[in-house]
>>> print(open('target.cif').read())   # mmCIF, C-alpha atoms
data_entry
#
loop_
_atom_site.label_atom_id
_atom_site.label_comp_id
_atom_site.auth_asym_id
_atom_site.auth_seq_id
_atom_site.Cartn_x
_atom_site.Cartn_y
_atom_site.Cartn_z
CA MET A 1 61.11 -27.51 -43.41
CA HIS A 2 63.88 -30.02 -44.02
CA ASP A 3 63.43 -32.99 -46.32
CA THR A 4 62.73 -35.86 -43.92
CA THR A 5 64.86 -38.16 -46.08
CA ALA A 6 67.97 -36.11 -45.30
CA THR A 7 70.50 -36.97 -42.63
CA THR A 8 69.34 -36.08 -39.14
CA PRO A 9 71.09 -32.86 -38.06
CA ALA A 10 73.15 -32.77 -34.88
CA ILE A 11 71.04 -31.80 -31.89
CA THR A 12 72.99 -29.26 -29.88
CA CYS A 13 70.81 -29.53 -26.77
CA ARG A 14 72.69 -31.54 -24.16
CA SER A 15 70.85 -30.58 -20.98
CA ILE A 16 67.17 -30.05 -20.29
CA GLY A 17 65.57 -28.83 -17.12
CA ILE A 18 61.96 -29.55 -16.20
CA ILE A 19 60.10 -27.47 -13.65
CA GLY A 20 57.24 -29.53 -12.26
CA ASP A 21 57.23 -33.26 -11.54
CA GLY A 22 53.53 -33.92 -12.02
CA HIS A 23 52.02 -36.30 -14.57
CA TYR A 24 53.17 -34.24 -17.53
CA GLY A 25 56.66 -33.56 -16.19
CA ARG A 26 57.23 -37.27 -15.65
CA LEU A 27 55.90 -38.04 -19.12
CA LEU A 28 58.36 -35.55 -20.62
CA ARG A 29 61.24 -37.23 -18.80
CA LYS A 30 60.11 -40.56 -20.21
CA LEU A 31 59.99 -39.17 -23.74
CA ILE A 32 63.43 -37.59 -23.44
CA ARG A 33 64.92 -40.85 -22.16
CA ARG A 34 63.37 -42.66 -25.10
CA PHE A 35 64.32 -40.30 -27.93
CA ALA A 36 67.36 -38.38 -26.66
CA LEU A 37 69.46 -40.71 -24.57
CA ASP A 38 72.48 -38.40 -24.56
CA VAL A 39 70.54 -35.48 -23.09
CA ASN A 40 70.90 -34.91 -19.36
CA VAL A 41 67.63 -34.15 -17.56
CA GLN A 42 67.26 -32.39 -14.23
CA VAL A 43 64.04 -31.61 -12.45
CA HIS A 44 62.97 -28.93 -10.00
CA ASP A 45 59.79 -29.31 -7.96
CA ASN A 46 59.16 -27.43 -4.73
CA SER A 47 57.59 -30.52 -3.19
CA ILE A 48 60.65 -32.74 -3.79
CA ASP A 49 63.98 -32.39 -1.98
CA PRO A 50 67.13 -32.26 -4.14
CA ASP A 51 68.88 -35.63 -4.43
CA GLY A 52 72.10 -34.47 -6.05
CA HIS A 53 71.24 -36.26 -9.27
CA THR A 54 67.82 -35.87 -10.89
CA TYR A 55 66.15 -33.41 -8.54
CA VAL A 56 67.78 -30.03 -8.01
CA ARG A 57 67.07 -26.61 -6.58
CA LEU A 58 65.87 -24.00 -9.05
CA ARG A 59 69.35 -22.52 -9.41
CA GLY A 60 70.54 -26.00 -10.41
CA LEU A 61 68.86 -25.46 -13.80
CA ARG A 62 70.76 -22.25 -14.57
CA LYS A 63 73.16 -23.88 -17.09
CA CYS A 64 70.57 -25.97 -18.96
CA ASP A 65 70.20 -25.51 -22.71
CA ALA A 66 66.41 -25.50 -22.31
CA VAL A 67 63.91 -25.51 -19.46
CA ILE A 68 60.39 -26.92 -19.83
CA LEU A 69 57.74 -25.21 -17.71
CA ALA A 70 55.43 -28.11 -16.85
CA VAL A 71 53.40 -26.35 -14.18
CA PRO A 72 49.72 -25.39 -13.74
CA MET A 73 48.50 -22.08 -15.13
CA ASP A 74 47.76 -20.63 -11.70
CA ILE A 75 51.47 -20.62 -10.81
CA PHE A 76 52.92 -20.33 -14.33
CA GLU A 77 53.71 -16.61 -14.19
CA GLN A 78 55.42 -16.79 -10.79
CA VAL A 79 57.47 -19.81 -11.87
CA VAL A 80 58.73 -17.95 -14.94
CA LYS A 81 59.62 -14.94 -12.82
CA ASN A 82 61.46 -17.11 -10.28
CA LEU A 83 63.45 -18.84 -13.02
CA LEU A 84 64.45 -15.60 -14.73
CA ALA A 85 65.59 -14.20 -11.37
CA VAL A 86 68.15 -16.99 -10.87
CA ASN A 87 71.66 -15.60 -10.68
CA GLY A 88 73.89 -16.82 -13.49
CA LEU A 89 71.03 -18.01 -15.72
CA ARG A 90 72.17 -18.66 -19.29
CA GLU A 91 71.09 -15.83 -21.57
CA ASP A 92 70.51 -18.21 -24.47
CA MET A 93 68.46 -20.71 -22.44
CA VAL A 94 65.33 -21.77 -24.35
CA LEU A 95 62.11 -21.54 -22.34
CA VAL A 96 59.47 -24.11 -23.28
CA ASN A 97 55.83 -23.48 -22.42
CA VAL A 98 53.62 -26.59 -22.51
CA CYS A 99 50.63 -25.14 -20.65
CA SER A 100 47.15 -26.16 -21.77
CA ASP A 101 45.98 -22.54 -21.74
CA GLN A 102 48.14 -21.33 -24.60
CA VAL A 103 46.57 -17.86 -24.83
CA LYS A 104 47.28 -16.81 -21.27
CA SER A 105 50.58 -18.66 -20.87
CA GLY A 106 51.76 -17.51 -24.29
CA ALA A 107 51.11 -13.87 -23.40
CA THR A 108 52.86 -14.36 -20.06
CA ILE A 109 56.02 -15.88 -21.47
CA ALA A 110 56.16 -13.34 -24.31
CA ALA A 111 56.01 -10.51 -21.79
CA LEU A 112 58.62 -11.99 -19.42
CA ALA A 113 61.10 -13.88 -21.61
CA GLY A 114 63.13 -10.84 -22.60
CA LYS A 115 66.00 -11.97 -24.83
CA HIS A 116 65.47 -15.65 -24.06
CA PRO A 117 64.24 -17.66 -27.06
CA TYR A 118 61.07 -19.54 -26.22
CA ILE A 119 58.65 -22.11 -27.57
CA SER A 120 54.95 -22.28 -26.77
CA ALA A 121 53.55 -25.69 -27.63
CA HIS A 122 50.94 -28.11 -26.42
CA SER A 123 50.18 -31.70 -27.25
CA PRO A 124 46.61 -32.97 -26.83
CA TRP A 125 47.81 -36.23 -25.27
CA GLY A 126 48.32 -36.78 -21.57
CA PRO A 127 50.25 -39.37 -19.55
CA ASP A 128 47.29 -41.75 -19.35
CA ALA A 129 46.75 -41.59 -23.09
CA TYR A 130 50.43 -42.27 -23.73
CA ARG A 131 50.33 -45.31 -21.47
CA ASP A 132 47.08 -46.67 -22.87
CA VAL A 133 48.29 -46.70 -26.48
CA ASN A 134 51.33 -48.72 -25.35
CA GLU A 135 53.70 -45.93 -26.34
CA ILE A 136 52.95 -46.23 -30.06
CA VAL A 137 53.82 -42.67 -30.92
CA SER A 138 52.30 -42.79 -34.40
CA LEU A 139 48.87 -43.03 -32.78
CA LEU A 140 49.32 -39.76 -30.93
CA PRO A 141 48.00 -36.42 -32.21
CA PRO A 142 50.25 -33.60 -33.44
CA ILE A 143 52.18 -31.23 -31.23
CA VAL A 144 50.48 -27.85 -31.61
CA LEU A 145 53.12 -25.13 -31.88
CA THR A 146 51.62 -21.70 -31.24
CA LYS A 147 54.85 -19.68 -31.05
CA CYS A 148 58.56 -20.29 -31.61
CA THR A 149 61.29 -17.64 -31.37
CA LEU A 150 64.26 -19.95 -31.87
CA PRO A 151 66.76 -18.47 -34.33
CA HIS A 152 66.95 -20.02 -37.77
CA PRO A 153 68.10 -22.74 -38.55
CA ASN A 154 67.75 -24.05 -34.98
CA ASP A 155 63.98 -23.95 -35.35
CA GLU A 156 63.95 -26.21 -38.39
CA ASP A 157 66.50 -28.55 -36.82
CA LEU A 158 64.22 -28.91 -33.78
CA PHE A 159 61.15 -29.60 -35.92
CA PHE A 160 63.11 -32.10 -37.99
CA PHE A 161 64.28 -33.94 -34.88
CA ILE A 162 60.75 -34.13 -33.43
CA GLN A 163 59.33 -35.38 -36.72
CA ASN A 164 62.03 -38.05 -36.96
CA CYS A 165 60.94 -39.26 -33.53
CA GLY A 166 57.56 -40.03 -35.08
CA PHE A 167 55.58 -36.96 -34.02
CA LYS A 168 53.73 -34.47 -36.19
CA ILE A 169 53.86 -30.71 -35.66
CA GLU A 170 50.96 -28.34 -36.29
CA THR A 171 52.45 -24.91 -36.97
CA MET A 172 49.47 -23.15 -38.53
CA MET A 173 47.39 -22.78 -35.37
CA SER A 174 47.42 -19.63 -33.27
CA ALA A 175 47.17 -19.73 -29.49
CA GLU A 176 43.61 -18.44 -29.77
CA ALA A 177 42.63 -21.11 -32.29
CA HIS A 178 44.34 -23.73 -30.13
CA ASP A 179 42.32 -22.87 -27.04
CA ARG A 180 39.12 -22.43 -29.02
CA ASN A 181 39.28 -25.67 -30.96
CA LEU A 182 41.42 -28.01 -28.91
CA ALA A 183 40.48 -27.05 -25.37
CA GLY A 184 37.08 -25.46 -25.95
CA ARG A 185 35.62 -27.98 -28.37
CA TRP A 186 37.48 -31.23 -28.91
CA MET A 187 39.03 -31.72 -25.48
CA TYR A 188 36.01 -30.47 -23.57
CA CYS A 189 33.62 -32.63 -25.58
CA ALA A 190 35.80 -35.66 -24.81
CA HIS A 191 35.70 -34.73 -21.12
CA LEU A 192 31.92 -34.36 -21.25
CA ILE A 193 31.53 -37.86 -22.65
CA THR A 194 33.95 -39.19 -20.04
CA GLN A 195 32.09 -37.58 -17.15
CA ILE A 196 28.74 -38.89 -18.41
CA LEU A 197 29.99 -42.45 -18.89
CA GLY A 198 31.61 -42.27 -15.47
CA ARG A 199 28.37 -41.19 -13.80
CA MET A 200 26.63 -44.05 -15.61
CA LYS A 201 29.19 -46.44 -14.04
CA LEU A 202 30.18 -47.70 -17.48
CA LEU A 203 33.92 -47.08 -17.34
CA GLU A 204 34.58 -49.86 -14.85
CA GLU A 205 32.69 -52.55 -16.76
CA ASP A 206 34.41 -55.19 -18.84
CA CYS A 207 33.24 -54.33 -22.35
CA ARG A 208 35.32 -56.79 -24.36
CA ALA A 209 32.15 -58.51 -25.57
CA ALA A 210 30.73 -55.18 -26.81
CA PRO A 211 31.02 -53.94 -30.41
CA ILE A 212 34.42 -52.53 -31.32
CA SER A 213 32.90 -49.08 -31.91
CA TYR A 214 31.70 -48.96 -28.29
CA GLN A 215 35.01 -50.30 -26.98
CA LYS A 216 36.84 -47.44 -28.71
CA ILE A 217 34.58 -44.87 -27.04
CA VAL A 218 35.20 -46.40 -23.63
CA GLU A 219 38.96 -46.66 -24.24
CA GLY A 220 39.08 -42.96 -25.08
CA ALA A 221 37.05 -42.05 -22.02
CA ARG A 222 39.26 -44.11 -19.72
CA MET A 223 42.25 -42.00 -20.79
CA LEU A 224 40.55 -38.97 -19.24
CA ARG A 225 38.70 -40.46 -16.30
CA ASP A 226 41.22 -39.20 -13.72
CA ASP A 227 41.20 -35.64 -15.08
CA ARG A 228 38.08 -34.36 -13.33
CA ALA A 229 39.97 -31.30 -12.11
CA LEU A 230 40.99 -30.44 -15.68
CA PHE A 231 37.33 -30.73 -16.73
CA PHE A 232 36.43 -27.82 -14.45
CA THR A 233 39.68 -25.95 -15.08
CA LEU A 234 38.86 -25.83 -18.79
CA TRP A 235 35.40 -24.49 -17.94
CA ASP A 236 36.87 -21.69 -15.85
CA ARG A 237 39.57 -20.62 -18.32
CA VAL A 238 38.26 -21.33 -21.81
CA PRO A 239 34.96 -19.55 -22.55
CA GLU A 240 34.37 -21.72 -25.63
CA CYS A 241 33.70 -24.63 -23.27
CA HIS A 242 30.44 -22.97 -22.25
CA ALA A 243 29.14 -23.02 -25.83
CA THR A 244 30.30 -26.63 -26.24
CA PHE A 245 28.44 -27.65 -23.08
CA ASP A 246 25.27 -25.84 -24.18
CA ALA A 247 25.46 -27.40 -27.65
CA PHE A 248 25.98 -30.84 -26.10
CA MET A 249 22.95 -30.45 -23.86
CA ALA A 250 20.85 -29.06 -26.72
CA ALA A 251 21.80 -32.07 -28.85
CA ALA A 252 20.86 -34.44 -26.01
CA HIS A 253 17.52 -32.65 -25.62
CA GLY A 254 16.89 -32.85 -29.37
CA LEU A 255 17.63 -36.55 -29.32
CA ALA A 256 15.15 -37.01 -26.46
CA VAL A 257 12.50 -35.19 -28.51
CA ASP A 258 13.23 -37.41 -31.51
CA ARG A 259 12.89 -40.48 -29.30
CA ARG A 260 9.50 -39.37 -27.95
CA GLU A 261 8.26 -38.63 -31.47
CA HIS A 262 9.47 -42.03 -32.61
CA ILE A 263 7.70 -43.76 -29.73
CA SER A 264 4.48 -41.87 -30.44
CA GLY A 265 4.68 -42.80 -34.10
CA LYS A 266 5.08 -39.29 -35.49
#
>>> encode(input="target.cif", output="structure tokens")
Amino acid sequence: MHDTTATTPAITCRSIGIIGDGHYGRLLRKLIRRFALDVNVQVHDNSIDPDGHTYVRLRGLRKCDAVILAVPMDIFEQVVKNLLAVNGLREDMVLVNVCSDQVKSGATIAALAGKHPYISAHSPWGPDAYRDVNEIVSLLPPIVLTKCTLPHPNDEDLFFFIQNCGFKIETMMSAEAHDRNLAGRWMYCAHLITQILGRMKLLEEDCRAAPISYQKIVEGARMLRDDRALFFTLWDRVPECHATFDAFMAAAHGLAVDRREHISGK
């Protein structure tokens, strides 16, 4: 890795395509505008008509230096196939996989990419989290990089650029460890707490008079309160979520037992 005190290397990427204009796709556009003003961004989304400027047909991405695949897992494979079938697609185009399910998406892109270099990476933050911390990037968690086939030294230049933007990169985590720990334990546990607080009607209350420790819990939960679909998607696709849920319920039951014993004076 480069010495971060060195001069920032020239970033050769001048055009980025994004497939998918959902919450994450729009967040990526915002980040690119903030940190790479000279990079042209074009977006393809089947639900949005081309406008001749930002939104283009799929073939409009064929000359991009890199294309970010910001689409759900259930259509990820078909989207990759459609992109690679575009006539005149650059052979050196970098494919970027940012899917939450890194195991399945990583295997898919590895099988289909051919000679295209690709990056499989996932950040634990979402658009709501980015907004709620007022865009203070230093408060955001690391970008988890599970696979990178960029030729050297392009890989180190990319990492150096991202780090200079204020982000951290976790390069020692496999796709399996990513899904097990991030999605199956940490993320799912956060979603569990969010769903419980939501059902208790506590997320809509003004808690500014509450202790700071409680306010932090509520702030974290509010970042995820609109992601109910992801809560169940994680359950369906990441088996480790089942063990996390069982452990959570067992802990709640144990706490209830401790409370009864305390009340009875045992």
>>> residues_around(input="target.cif", residues="Gly184 of chain A", least_positions_apart="3", cutoff="12 Å", atoms="only C-alpha atoms", output="PyMOL selection string")
chain A and resi 100-102+176-181+187-192+231-247
>>> residues_around(input="target.cif", residues="Gln42 of chain A", least_positions_apart="4", cutoff="9 Å", atoms="all atoms listed in the file", output="ChimeraX atom specification")
/A:15-19,29,53-56,60-61,64
>>> residues_around(input="target.cif", residues="Leu37 of chain A", least_positions_apart="4", cutoff="12 Å", atoms="all atoms listed in the file", output="JSON, numbers by chain")
{"A": [11, 13, 14, 15, 16, 29, 30, 31, 32, 33, 41]}
>>> atom_distance(input="target.cif", atom1="atom CA of Cys148 of chain A", atom2="atom CA of Val43 of chain A")
22.9 Å
>>> atom_distance(input="target.cif", atom1="atom CA of Glu170 of chain A", atom2="atom CA of Gln78 of chain A")
28.3 Å
>>> closest_residue(input="target.cif", among="A:Leu150, A:Met172, A:Ile196, A:Val39", to="Ala252 of chain A", atoms="all atoms listed in the file")
A:Ile196
>>> closest_residue(input="target.cif", among="A:Lys201, A:His116, A:Arg59, A:Lys168", to="Glu91 of chain A", atoms="only C-alpha atoms")
A:His116
